[in-house]
file structure25.cif (mmCIF, C-alpha atoms)
data_work
loop_
_atom_site.label_atom_id
_atom_site.label_comp_id
_atom_site.auth_asym_id
_atom_site.auth_seq_id
_atom_site.Cartn_x
_atom_site.Cartn_y
_atom_site.Cartn_z
CA MET A 78 -1.15 -4.78 -41.77
CA LYS A 79 0.46 -4.14 -38.38
CA GLN A 80 -1.72 -1.04 -37.87
CA LEU A 81 -4.83 -3.00 -38.80
CA ALA A 82 -3.91 -5.75 -36.35
CA MET A 83 -3.35 -3.22 -33.60
CA ALA A 84 -6.67 -1.57 -34.33
CA ALA A 85 -8.38 -4.95 -34.05
CA VAL A 86 -6.75 -5.59 -30.69
CA LEU A 87 -7.87 -2.19 -29.37
CA ALA A 88 -11.38 -2.60 -30.73
CA ALA A 89 -11.71 -5.96 -29.02
CA ALA A 90 -10.41 -4.59 -25.75
CA ILE A 91 -12.69 -1.57 -25.88
CA ALA A 92 -15.71 -3.79 -26.53
CA LEU A 93 -15.16 -5.59 -23.22
CA PRO A 94 -15.13 -4.32 -19.65
CA ALA A 95 -11.64 -4.27 -18.16
CA SER A 96 -12.47 -7.23 -15.93
CA ALA A 97 -13.52 -9.30 -18.93
CA SER A 98 -10.40 -8.77 -21.04
CA ALA A 99 -8.01 -11.71 -21.10
CA PRO A 100 -5.53 -11.32 -18.22
CA THR A 101 -2.71 -12.81 -20.27
CA GLU A 102 -3.07 -10.05 -22.88
CA TRP A 103 -1.92 -7.28 -20.51
CA ALA A 104 0.95 -6.90 -18.06
CA GLY A 105 1.54 -4.41 -15.25
CA ALA A 106 4.31 -1.92 -16.06
CA TRP A 107 4.07 0.76 -13.33
CA GLY A 108 2.19 1.46 -10.12
CA TYR A 109 1.71 3.93 -7.27
CA ALA A 110 -0.81 2.81 -4.64
CA THR A 111 -3.26 5.35 -3.30
CA SER A 112 -3.91 6.17 0.35
CA PRO A 113 -7.11 7.66 1.77
CA ALA A 114 -7.73 11.36 2.12
CA THR A 115 -7.34 12.40 5.75
CA ARG A 116 -8.86 15.14 7.90
CA THR A 117 -5.38 16.18 9.00
CA VAL A 118 -4.65 17.51 5.50
CA SER A 119 -6.03 20.95 4.71
CA GLY A 120 -6.47 22.52 1.33
CA GLU A 121 -7.10 21.03 -2.08
CA ASN A 122 -5.47 20.69 -5.45
CA PRO A 123 -6.81 23.36 -7.81
CA ALA A 124 -8.34 22.56 -11.17
CA GLY A 125 -5.90 22.65 -14.05
CA THR A 126 -3.26 20.64 -15.88
CA TYR A 127 -1.24 18.01 -14.03
CA ARG A 128 1.67 16.10 -15.51
CA TYR A 129 3.26 12.97 -14.05
CA ARG A 130 6.47 11.40 -15.28
CA ILE A 131 6.38 7.60 -15.07
CA ARG A 132 8.82 4.94 -16.25
CA ALA A 133 7.59 1.75 -17.90
CA SER A 134 9.08 -1.55 -16.72
CA GLN A 135 7.51 -3.66 -19.51
CA SER A 136 7.19 -3.29 -23.26
CA GLY A 137 3.96 -3.42 -25.23
CA ASP A 138 2.19 -2.23 -28.36
CA ALA A 139 -0.54 -0.38 -26.42
CA LEU A 140 -1.22 0.74 -22.87
CA ARG A 141 -4.01 1.51 -20.46
CA LEU A 142 -4.15 3.37 -17.16
CA VAL A 143 -5.98 3.07 -13.87
CA LEU A 144 -7.12 6.21 -12.04
CA THR A 145 -8.07 6.16 -8.38
CA ASN A 146 -9.85 8.83 -6.38
CA PRO A 147 -8.97 8.07 -2.74
CA GLU A 148 -11.52 7.18 -0.10
CA GLY A 149 -12.84 10.31 1.58
CA ALA A 150 -12.02 12.52 -1.39
CA ALA A 151 -14.42 14.86 -3.17
CA PRO A 152 -15.68 13.73 -6.60
CA LEU A 153 -12.98 14.09 -9.25
CA SER A 154 -13.93 15.68 -12.58
CA ILE A 155 -11.58 14.87 -15.48
CA ALA A 156 -11.69 17.05 -18.60
CA ALA A 157 -8.97 15.28 -20.60
CA ILE A 158 -6.18 12.70 -20.35
CA SER A 159 -3.27 12.09 -22.70
CA ILE A 160 0.04 10.27 -22.60
CA ALA A 161 3.23 10.87 -24.55
CA ARG A 162 6.89 10.03 -24.53
CA ALA A 163 9.03 12.36 -22.45
CA ALA A 164 10.94 14.85 -24.60
CA GLN A 165 13.92 15.24 -22.26
CA LYS A 166 15.93 13.20 -19.75
CA ASP A 167 14.17 14.95 -16.90
CA GLY A 168 11.34 17.41 -16.40
CA PHE A 169 7.83 17.38 -17.84
CA ALA A 170 8.26 18.39 -21.49
CA LEU A 171 6.59 15.87 -23.78
CA ASP A 172 7.11 14.71 -27.34
CA GLU A 173 4.06 16.27 -29.00
CA PRO A 174 3.97 13.96 -32.06
CA SER A 175 3.63 10.97 -29.73
CA ARG A 176 0.84 12.50 -27.63
CA THR A 177 -2.02 10.01 -27.54
CA PRO A 178 -5.48 10.77 -26.12
CA VAL A 179 -6.64 8.45 -23.36
CA THR A 180 -10.34 7.83 -22.77
CA LEU A 181 -11.85 7.02 -19.39
CA GLY A 182 -14.37 4.24 -19.08
CA THR A 183 -16.86 6.78 -17.69
CA THR A 184 -17.78 10.42 -18.29
CA ALA A 185 -19.16 10.89 -14.77
CA PRO A 186 -17.04 12.38 -11.98
CA ILE A 187 -14.98 9.75 -10.16
CA ALA A 188 -16.36 9.37 -6.64
CA GLY A 189 -14.17 9.11 -3.57
CA GLY A 190 -12.96 5.52 -3.28
CA GLN A 191 -13.73 4.74 -6.92
CA ILE A 192 -11.25 3.06 -9.28
CA VAL A 193 -11.66 3.60 -13.04
CA ASP A 194 -9.84 1.96 -15.95
CA THR A 195 -9.13 3.85 -19.14
CA ARG A 196 -9.69 2.45 -22.60
CA PRO A 197 -6.57 1.08 -24.32
CA ALA A 198 -4.43 3.71 -26.04
CA ALA A 199 -2.40 2.86 -29.15
CA LEU A 200 1.01 4.08 -27.98
CA ALA A 201 3.84 1.55 -28.19
CA VAL A 202 6.01 1.41 -25.07
CA ARG A 203 9.47 -0.01 -24.45
CA ALA A 204 10.75 -1.13 -21.06
CA GLY A 205 12.65 1.79 -19.58
CA ASP A 206 10.72 4.47 -21.50
CA ASP A 207 9.83 7.64 -19.62
CA LEU A 208 6.27 8.73 -20.31
CA ILE A 209 4.36 11.90 -19.43
CA VAL A 210 0.76 11.44 -18.32
CA GLU A 211 -1.23 14.67 -18.57
CA ILE A 212 -4.51 14.95 -16.68
CA VAL A 213 -6.67 18.05 -16.92
CA THR A 214 -9.16 18.46 -14.08
CA SER A 215 -12.23 20.70 -14.34
CA SER A 216 -12.76 21.14 -10.60
CA PRO A 217 -10.56 21.06 -7.47
CA SER A 218 -9.49 17.66 -6.11
CA THR A 219 -8.79 16.52 -2.57
CA THR A 220 -5.24 16.68 -1.25
CA VAL A 221 -3.98 13.28 -0.08
CA ALA A 222 -1.27 12.72 2.51
CA GLY A 223 1.24 9.92 2.75
CA ASN A 224 3.35 10.30 -0.35
CA ALA A 225 7.11 10.09 -0.52
CA GLY A 226 7.34 13.22 -2.60
CA PHE A 227 6.28 11.96 -6.03
CA PRO A 228 7.40 14.64 -8.51
CA ALA A 229 4.67 16.19 -10.63
CA ALA A 230 3.92 19.50 -12.33
CA PHE A 231 0.89 21.78 -12.39
CA ALA A 232 -0.46 24.74 -14.35
CA PRO A 233 -3.82 26.46 -13.83
CA GLY A 234 -4.61 26.31 -17.53
CA PRO A 235 -3.55 24.67 -20.81
CA VAL A 236 0.18 24.23 -21.50
CA ASP A 237 2.22 23.50 -24.60
CA ALA A 238 4.47 20.49 -25.17
CA ARG A 239 7.42 22.17 -23.46
CA GLY A 240 5.31 22.86 -20.39
CA GLU A 241 6.94 26.21 -19.73
CA ARG A 242 4.04 27.38 -17.57
CA LEU A 243 4.20 24.33 -15.34
CA GLU A 244 5.32 24.58 -11.74
CA ALA A 245 6.96 21.65 -9.97
CA VAL A 246 4.86 20.12 -7.18
CA LYS A 247 4.99 16.95 -5.09
CA LEU A 248 1.76 15.05 -4.66
CA ARG A 249 0.27 11.62 -4.89
CA PRO A 250 -0.63 10.92 -8.53
CA LEU A 251 -4.18 10.25 -9.64
CA VAL A 252 -2.75 7.49 -11.85
CA THR A 253 -2.26 4.31 -9.81
CA GLN A 254 -1.43 1.71 -12.48
CA MET A 255 -0.22 1.41 -16.05
CA ALA A 256 -0.43 -1.83 -18.00
CA VAL A 257 0.90 -2.65 -21.46
CA HIS A 258 -0.51 -4.96 -24.10
CA ASP A 259 1.87 -7.89 -24.55
CA PRO A 260 0.45 -11.43 -24.71
CA ALA A 261 4.00 -12.81 -24.43
CA ALA A 262 4.99 -10.95 -21.25
CA PRO A 263 6.61 -13.63 -19.05
CA CYS A 264 5.85 -12.25 -15.58
CA THR A 265 4.94 -9.23 -13.49
CA ILE A 266 6.28 -8.51 -9.99
CA VAL A 267 4.29 -6.47 -7.46
CA THR A 268 6.11 -5.00 -4.46
CA LEU A 269 3.87 -4.47 -1.44
CA GLY A 270 5.23 -2.38 1.41
CA ASP A 271 5.57 0.89 3.28
CA SER A 272 7.78 3.97 2.79
CA ILE A 273 10.91 1.86 2.34
CA THR A 274 9.22 0.24 -0.66
CA GLU A 275 7.65 3.45 -1.94
CA GLY A 276 11.12 5.02 -1.96
CA ALA A 277 10.91 7.66 0.80
CA ARG A 278 13.95 9.94 1.22
CA GLY A 279 15.48 8.63 -1.99
CA THR A 280 16.23 11.36 -4.50
CA ARG A 281 16.13 9.38 -7.74
CA ALA A 282 12.83 9.94 -9.50
CA ASP A 283 13.84 7.74 -12.45
CA TRP A 284 14.26 4.39 -10.69
CA ARG A 285 12.14 4.80 -7.54
CA GLY A 286 13.37 2.94 -4.46
CA TRP A 287 14.57 -0.65 -4.40
CA PRO A 288 11.72 -1.80 -6.73
CA GLY A 289 13.12 0.62 -9.31
CA VAL A 290 16.59 -0.88 -8.92
CA LEU A 291 15.09 -4.34 -9.46
CA ALA A 292 13.26 -3.12 -12.58
CA ARG A 293 16.46 -1.59 -13.97
CA ARG A 294 18.42 -4.80 -13.36
CA LEU A 295 15.78 -6.84 -15.17
CA ILE A 296 15.85 -4.46 -18.15
CA ASP A 297 19.66 -4.46 -18.19
CA GLN A 298 19.65 -8.22 -18.81
CA GLY A 299 19.39 -7.32 -22.48
CA ALA A 300 17.18 -8.38 -25.34
CA GLY A 301 14.24 -10.66 -24.85
CA LYS A 302 11.24 -10.84 -22.58
CA ARG A 303 11.60 -9.92 -18.92
CA CYS A 304 9.48 -9.29 -15.84
CA GLY A 305 7.96 -5.91 -15.13
CA VAL A 306 7.84 -4.35 -11.66
CA VAL A 307 4.86 -2.53 -10.14
CA ASN A 308 5.65 -0.55 -6.96
CA MET A 309 2.71 -0.57 -4.51
CA GLY A 310 4.44 0.88 -1.46
CA ILE A 311 2.62 3.40 0.74
CA SER A 312 4.52 5.54 3.24
CA GLY A 313 3.32 4.81 6.76
CA ASN A 314 1.58 1.60 5.71
CA ARG A 315 1.11 -1.25 8.19
CA LEU A 316 0.68 -4.97 7.70
CA LEU A 317 -2.17 -5.51 10.15
CA ARG A 318 -4.06 -2.24 10.60
CA ALA A 319 -4.92 0.85 8.67
CA GLY A 320 -2.52 3.72 9.14
CA ARG A 321 -1.53 5.73 6.12
CA GLY A 322 -3.40 3.62 3.67
CA THR A 323 -5.38 0.45 4.07
CA ALA A 324 -3.63 -2.36 5.93
CA ALA A 325 -1.53 -4.56 3.65
CA ILE A 326 -3.62 -7.63 4.48
CA GLU A 327 -6.71 -5.70 3.31
CA ARG A 328 -5.32 -4.26 0.09
CA PHE A 329 -4.28 -7.50 -1.61
CA GLU A 330 -7.18 -7.46 -4.08
CA ARG A 331 -6.88 -3.75 -4.89
CA ASP A 332 -3.11 -3.43 -5.18
CA VAL A 333 -1.87 -6.93 -6.05
CA ALA A 334 -4.51 -9.16 -7.62
CA SER A 335 -5.78 -6.26 -9.76
CA VAL A 336 -2.42 -5.85 -11.51
CA PRO A 337 -2.68 -7.50 -14.95
CA GLY A 338 -0.45 -10.54 -15.36
CA VAL A 339 0.84 -10.53 -11.78
CA THR A 340 2.94 -13.64 -11.12
CA HIS A 341 5.17 -12.66 -8.19
CA LEU A 342 4.71 -10.66 -4.99
CA ILE A 343 7.46 -9.29 -2.74
CA VAL A 344 6.28 -8.23 0.74
CA LEU A 345 8.24 -5.86 2.98
CA GLU A 346 5.93 -4.83 5.83
CA GLY A 347 6.02 -4.76 9.61
CA VAL A 348 8.24 -1.98 10.91
CA ASN A 349 5.32 0.47 11.21
CA ASP A 350 3.26 -2.15 13.06
CA ILE A 351 6.12 -2.60 15.52
CA TRP A 352 6.72 1.03 16.44
CA ARG A 353 3.12 2.24 16.31
CA ALA A 354 2.08 -0.48 18.75
CA THR A 355 3.85 1.55 21.46
CA LEU A 356 1.58 4.58 20.97
CA VAL A 357 -1.28 5.38 23.35
CA GLY A 358 -4.49 3.63 22.33
CA GLU A 359 -2.78 1.15 20.00
CA PRO A 360 -3.01 -2.60 20.71
CA PRO A 361 0.29 -4.44 21.27
CA VAL A 362 1.91 -6.19 18.32
CA GLY A 363 4.32 -9.09 18.68
CA PRO A 364 5.92 -11.55 16.27
CA ALA A 365 2.95 -13.91 16.50
CA ASP A 366 0.62 -11.14 15.30
CA LEU A 367 2.84 -10.28 12.36
CA ILE A 368 3.11 -13.95 11.41
CA VAL A 369 -0.69 -14.19 11.26
CA GLY A 370 -0.68 -11.26 8.83
CA TYR A 371 2.04 -12.77 6.65
CA ARG A 372 0.13 -16.03 6.51
CA LYS A 373 -2.98 -14.22 5.28
CA LEU A 374 -0.99 -12.71 2.41
CA ILE A 375 0.66 -16.06 1.64
CA ALA A 376 -2.74 -17.77 1.47
CA ALA A 377 -4.22 -15.01 -0.71
CA ALA A 378 -1.26 -15.12 -3.11
CA HIS A 379 -1.23 -18.89 -3.42
CA ALA A 380 -5.00 -18.93 -4.03
CA LYS A 381 -4.30 -16.77 -7.11
CA GLY A 382 -1.29 -18.81 -8.24
CA ILE A 383 1.13 -16.02 -7.30
CA ARG A 384 4.56 -16.72 -5.85
CA ILE A 385 5.14 -14.68 -2.72
CA TYR A 386 8.57 -13.72 -1.40
CA GLY A 387 9.09 -12.43 2.13
CA GLY A 388 11.43 -9.51 2.75
CA THR A 389 13.11 -9.34 6.16
CA ILE A 390 12.33 -6.16 8.12
CA THR A 391 15.20 -3.69 7.81
CA PRO A 392 17.01 -2.13 10.82
CA GLY A 393 15.57 0.88 12.63
CA PHE A 394 17.61 1.19 15.79
CA GLY A 395 18.78 4.76 16.25
CA TRP A 396 15.59 6.14 14.70
CA LYS A 397 13.76 8.49 17.07
CA ALA A 398 11.04 6.01 18.07
CA PHE A 399 12.87 2.67 18.02
CA THR A 400 13.62 0.79 21.26
CA ARG A 401 15.36 -2.44 22.22
CA GLU A 402 11.98 -4.08 22.79
CA MET A 403 11.01 -3.22 19.23
CA GLU A 404 14.32 -4.62 18.04
CA ASP A 405 13.57 -7.92 19.81
CA THR A 406 10.25 -8.10 17.94
CA ARG A 407 11.98 -7.36 14.65
CA GLN A 408 14.66 -10.00 15.21
CA THR A 409 12.17 -12.71 16.19
CA THR A 410 9.94 -11.90 13.23
CA ASN A 411 12.88 -11.97 10.82
CA ALA A 412 13.97 -15.34 12.22
CA TRP A 413 10.53 -16.73 11.32
CA ILE A 414 10.60 -15.18 7.84
CA ARG A 415 14.00 -16.77 7.17
CA SER A 416 13.38 -20.21 8.65
CA SER A 417 9.65 -21.05 8.45
CA GLY A 418 9.65 -22.06 4.79
CA GLU A 419 6.16 -20.59 4.39
CA PHE A 420 7.16 -17.94 1.88
CA ASP A 421 8.18 -19.27 -1.53
CA ALA A 422 11.53 -17.55 -1.04
CA VAL A 423 13.15 -15.03 1.31
CA ILE A 424 14.88 -11.77 0.33
CA ASP A 425 17.18 -10.67 3.13
CA PHE A 426 16.88 -6.89 3.02
CA ASP A 427 17.99 -6.76 6.65
CA ALA A 428 21.33 -8.34 5.79
CA ALA A 429 21.73 -5.96 2.84
CA LEU A 430 21.46 -2.83 5.02
CA ARG A 431 22.59 -3.62 8.56
CA ASP A 432 25.93 -2.84 10.17
CA THR A 433 27.66 -5.01 12.77
CA SER A 434 26.65 -3.05 15.90
CA ASN A 435 24.46 -4.53 18.61
CA PRO A 436 21.62 -3.86 18.04
CA PRO A 437 22.31 -3.49 14.32
CA MET A 438 21.62 -0.16 12.62
CA VAL A 439 21.40 0.85 8.98
CA LEU A 440 24.96 0.96 7.67
CA ARG A 441 26.11 4.60 7.63
CA THR A 442 26.78 4.64 3.90
CA TYR A 443 23.22 3.37 3.30
CA ASP A 444 21.48 5.69 5.80
CA SER A 445 19.46 8.66 4.54
CA GLY A 446 20.10 10.37 7.86
CA ASP A 447 17.10 9.33 9.96
CA HIS A 448 18.51 5.84 10.75
CA LEU A 449 15.44 4.14 9.28
CA HIS A 450 15.08 4.98 5.59
CA PRO A 451 17.86 4.15 3.11
CA CYS A 452 19.52 6.72 0.90
CA ASN A 453 19.99 6.09 -2.83
CA ALA A 454 22.96 3.80 -2.13
CA GLY A 455 20.89 1.86 0.38
CA TYR A 456 18.06 1.35 -2.08
CA GLU A 457 20.65 0.22 -4.62
CA ALA A 458 21.94 -2.36 -2.13
CA MET A 459 18.41 -3.60 -1.44
CA GLY A 460 17.58 -3.93 -5.12
CA ARG A 461 20.81 -5.81 -5.74
CA ALA A 462 20.09 -8.21 -2.87
CA ILE A 463 17.24 -9.75 -4.88
CA PRO A 464 18.35 -12.81 -6.87
CA LEU A 465 17.10 -12.46 -10.44
CA SER A 466 16.91 -16.25 -10.59
CA LEU A 467 13.69 -15.97 -8.53
CA PHE A 468 11.91 -14.73 -11.67
CA ARG A 469 13.21 -17.06 -14.35
CA SER A 470 10.11 -19.23 -14.45
CA ASN A 471 6.41 -18.60 -14.07
CA PRO A 472 4.26 -20.04 -11.27
#

call {"tool": "encode", "arguments": {"input": "structure25.cif", "output": "structure tokens"}}
result
Amino acid sequence: MKQLAMAAVLAAAIALPASASAPTEWAGAWGYATSPATRTVSGENPAGTYRYRIRASQSGDALRLVLTNPEGAAPLSIAAISIARAAQKDGFALDEPSRTPVTLGTTAPIAGGQIVDTRPAALAVRAGDDLIVEIVTSSPSTTVAGNAGFPAAFAPGPVDARGERLEAVKLRPLVTQMAVHDPAAPCTIVTLGDSITEGARGTRADWRGWPGVLARRLIDQGAGKRCGVVNMGISGNRLLRAGRGTAAIERFERDVASVPGVTHLIVLEGVNDIWRATLVGEPPVGPADLIVGYRKLIAAAHAKGIRIYGGTITPGFGWKAFTREMEDTRQTTNAWIRSSGEFDAVIDFDAALRDTSNPPMVLRTYDSGDHLHPCNAGYEAMGRAIPLSLFRSNP
């Protein structure tokens, strides 16, 4: 009976376009936002087999994926997609009996800038499960810059379950979202930010960055329903203008509102706006400009019934490009985030990382070495600075 019920659910979902399926039926469980292809990147990814290891933050009795071919990229030809449970604690070996074919919503090549949903796949997922997504391409794809070293694996031809022919690579995945089927999922958290949200310079591939720490803490609460976490950080991203990736104020629909079941948004953006404003040809950016950007995101979130939490900008003094003038902008902006009352809540990432120097720097034990990005311990401190009580009720 359970298999028949699941088949009915999948049949109903397949009969409808992704945008027409009930939003309460699905919940975001993983994410990795795309950034555009750039002329500064040479070369391309050869055709062949690619495997990505992703960790689910929500449970469900089925799943579906979103694939994105970045703007400016050559058309992407997909020969096959499958997903399976990981066979080992690390690496890209998969559990062959669990391998489940995944069908794209189109057979045509995916054009640059196009986003395509897959059909639902009948693979049950538990929060915390490691899954292997295998994508076989039939033609070369465009290399995309701006990733924080997402671990993947590649082989020029077919591979077995153990993946012995695979070679480790680091590249931005073609998969940008995974959702699970769970009508009772209580909430889904999207984290919108730059490299410090994506998890740059962290070395833990299992729980990526501070959003991964938050997801682990939610899972560790024990039995029962819990929120999932979808990490939509892009290294080099800015709040107000395009840099590496579309500006945060412009990617709300693509990377936040598109996530099934999204109920909460955490924003940590601004440090790249501050330092890049000092470059030749860039317009100046002050606290008032950043506040305008935050207000746009607040309005967009509230229009969708999403609670939005503001993260204070973390310290950067001591980093190669940071000056005292930039620090003044950061401090004034953080004072507004903390005191304005315009966000639904404030998460003080600055307080979690800073030392007591003047100007404050990232605490040495939390510093990855460049005085801007946290190390694993720093991301742990950030993730633990988020009160779980913020997610105990839905909007």

call {"tool": "resolve_selection", "arguments": {"input": "structure25.cif", "expression": "the PyMOL selection byres ((chain A and resi 217) around 10)", "output": "ChimeraX atom specification"}}
result
/A:120-125,151-154,214-216,218-220

call {"tool": "resolve_selection", "arguments": {"input": "structure25.cif", "expression": "the PyMOL selection byres ((chain A and resi 378) around 10)", "output": "number ranges by chain"}}
result
A: 329-330, 333-334, 340-342, 372-377, 379-385

call {"tool": "residues_around", "arguments": {"input": "structure25.cif", "residues": "Leu316 (chain A)", "least_positions_apart": "6", "cutoff": "9 Å", "atoms": "only C-alpha atoms", "output": "VMD selection string"}}
result
chain A and resid 270 to 271 323 to 327 345 to 350 367 370 to 371

call {"tool": "write_last_selection", "arguments": {"input": "structure25.cif", "atoms": "C-alpha atoms", "output": "PDB file, in the coordinates of the input"}}
result
ATOM      1  CA  GLY A 270       5.230  -2.380   1.410  1.00  0.00           C
ATOM      2  CA  ASP A 271       5.570   0.890   3.280  1.00  0.00           C
ATOM      3  CA  THR A 323      -5.380   0.450   4.070  1.00  0.00           C
ATOM      4  CA  ALA A 324      -3.630  -2.360   5.930  1.00  0.00           C
ATOM      5  CA  ALA A 325      -1.530  -4.560   3.650  1.00  0.00           C
ATOM      6  CA  ILE A 326      -3.620  -7.630   4.480  1.00  0.00           C
ATOM      7  CA  GLU A 327      -6.710  -5.700   3.310  1.00  0.00           C
ATOM      8  CA  LEU A 345       8.240  -5.860   2.980  1.00  0.00           C
ATOM      9  CA  GLU A 346       5.930  -4.830   5.830  1.00  0.00           C
ATOM     10  CA  GLY A 347       6.020  -4.760   9.610  1.00  0.00           C
ATOM     11  CA  VAL A 348       8.240  -1.980  10.910  1.00  0.00           C
ATOM     12  CA  ASN A 349       5.320   0.470  11.210  1.00  0.00           C
ATOM     13  CA  ASP A 350       3.260  -2.150  13.060  1.00  0.00           C
ATOM     14  CA  LEU A 367       2.840 -10.280  12.360  1.00  0.00           C
ATOM     15  CA  GLY A 370      -0.680 -11.260   8.830  1.00  0.00           C
ATOM     16  CA  TYR A 371       2.040 -12.770   6.650  1.00  0.00           C
TER      17      TYR A 371
END

call {"tool": "residues_around", "arguments": {"input": "structure25.cif", "residues": "Ser175 (chain A)", "least_positions_apart": "2", "cutoff": "10 Å", "atoms": "all atoms listed in the file", "output": "PDB file with C-alpha atoms, keeping the file's coordinate frame"}}
result
ATOM      1  CA  SER A 159      -3.270  12.090 -22.700  1.00  0.00           C
ATOM      2  CA  ILE A 160       0.040  10.270 -22.600  1.00  0.00           C
ATOM      3  CA  ALA A 161       3.230  10.870 -24.550  1.00  0.00           C
ATOM      4  CA  ARG A 162       6.890  10.030 -24.530  1.00  0.00           C
ATOM      5  CA  ALA A 163       9.030  12.360 -22.450  1.00  0.00           C
ATOM      6  CA  ALA A 164      10.940  14.850 -24.600  1.00  0.00           C
ATOM      7  CA  LEU A 171       6.590  15.870 -23.780  1.00  0.00           C
ATOM      8  CA  ASP A 172       7.110  14.710 -27.340  1.00  0.00           C
ATOM      9  CA  GLU A 173       4.060  16.270 -29.000  1.00  0.00           C
ATOM     10  CA  THR A 177      -2.020  10.010 -27.540  1.00  0.00           C
ATOM     11  CA  PRO A 178      -5.480  10.770 -26.120  1.00  0.00           C
ATOM     12  CA  LEU A 200       1.010   4.080 -27.980  1.00  0.00           C
ATOM     13  CA  ALA A 201       3.840   1.550 -28.190  1.00  0.00           C
TER      14      ALA A 201
END

call {"tool": "residues_near_point", "arguments": {"input": "structure25.cif", "point": "(-0.5, 5.7, -8.4)", "cutoff": "9 Å", "atoms": "all atoms listed in the file", "output": "list of chain:residue names"}}
result
A:Trp107, A:Gly108, A:Tyr109, A:Ala110, A:Thr111, A:Val143, A:Leu144, A:Thr145, A:Arg249, A:Pro250, A:Leu251, A:Val252, A:Thr253, A:Gln254, A:Met255, A:Asn308, A:Met309

call {"tool": "write_last_selection", "arguments": {"input": "structure25.cif", "atoms": "C-alpha atoms", "output": "mmCIF file, keeping the file's coordinate frame"}}
result
data_model
loop_
_atom_site.group_PDB
_atom_site.id
_atom_site.type_symbol
_atom_site.label_atom_id
_atom_site.label_comp_id
_atom_site.auth_asym_id
_atom_site.auth_seq_id
_atom_site.Cartn_x
_atom_site.Cartn_y
_atom_site.Cartn_z
ATOM 1 C CA TRP A 107 4.070 0.760 -13.330
ATOM 2 C CA GLY A 108 2.190 1.460 -10.120
ATOM 3 C CA TYR A 109 1.710 3.930 -7.270
ATOM 4 C CA ALA A 110 -0.810 2.810 -4.640
ATOM 5 C CA THR A 111 -3.260 5.350 -3.300
ATOM 6 C CA VAL A 143 -5.980 3.070 -13.870
ATOM 7 C CA LEU A 144 -7.120 6.210 -12.040
ATOM 8 C CA THR A 145 -8.070 6.160 -8.380
ATOM 9 C CA ARG A 249 0.270 11.620 -4.890
ATOM 10 C CA PRO A 250 -0.630 10.920 -8.530
ATOM 11 C CA LEU A 251 -4.180 10.250 -9.640
ATOM 12 C CA VAL A 252 -2.750 7.490 -11.850
ATOM 13 C CA THR A 253 -2.260 4.310 -9.810
ATOM 14 C CA GLN A 254 -1.430 1.710 -12.480
ATOM 15 C CA MET A 255 -0.220 1.410 -16.050
ATOM 16 C CA ASN A 308 5.650 -0.550 -6.960
ATOM 17 C CA MET A 309 2.710 -0.570 -4.510
#

call {"tool": "resolve_selection", "arguments": {"input": "structure25.cif", "expression": "the PyMOL selection byres ((chain A and resi 207) around 12)", "output": "VMD selection string"}}
result
chain A and resid 106 to 107 129 to 136 160 to 172 202 to 206 208 to 210 282 to 284

call {"tool": "residues_around", "arguments": {"input": "structure25.cif", "residues": "region 112-114 of chain A", "least_positions_apart": "3", "cutoff": "6 Å", "atoms": "only C-alpha atoms", "output": "PyMOL selection string"}}
result
chain A and resi 147-150+221+322

call {"tool": "closest_residue", "arguments": {"input": "structure25.cif", "among": "A:Asp421, A:Asp259, A:Glu457, A:Asp332", "to": "Trp103 (chain A)", "atoms": "all atoms listed in the file"}}
result
A:Asp259

call {"tool": "closest_residue", "arguments": {"input": "structure25.cif", "among": "A:Ala462, A:Ile424, A:Ala156, A:Ile266", "to": "Gly387 (chain A)", "atoms": "all atoms listed in the file"}}
result
A:Ile424

call {"tool": "closest_residue", "arguments": {"input": "structure25.cif", "among": "A:Cys452, A:Ala238, A:Ala245, A:Leu465", "to": "Trp287 (chain A)", "atoms": "all atoms listed in the file"}}
result
A:Cys452
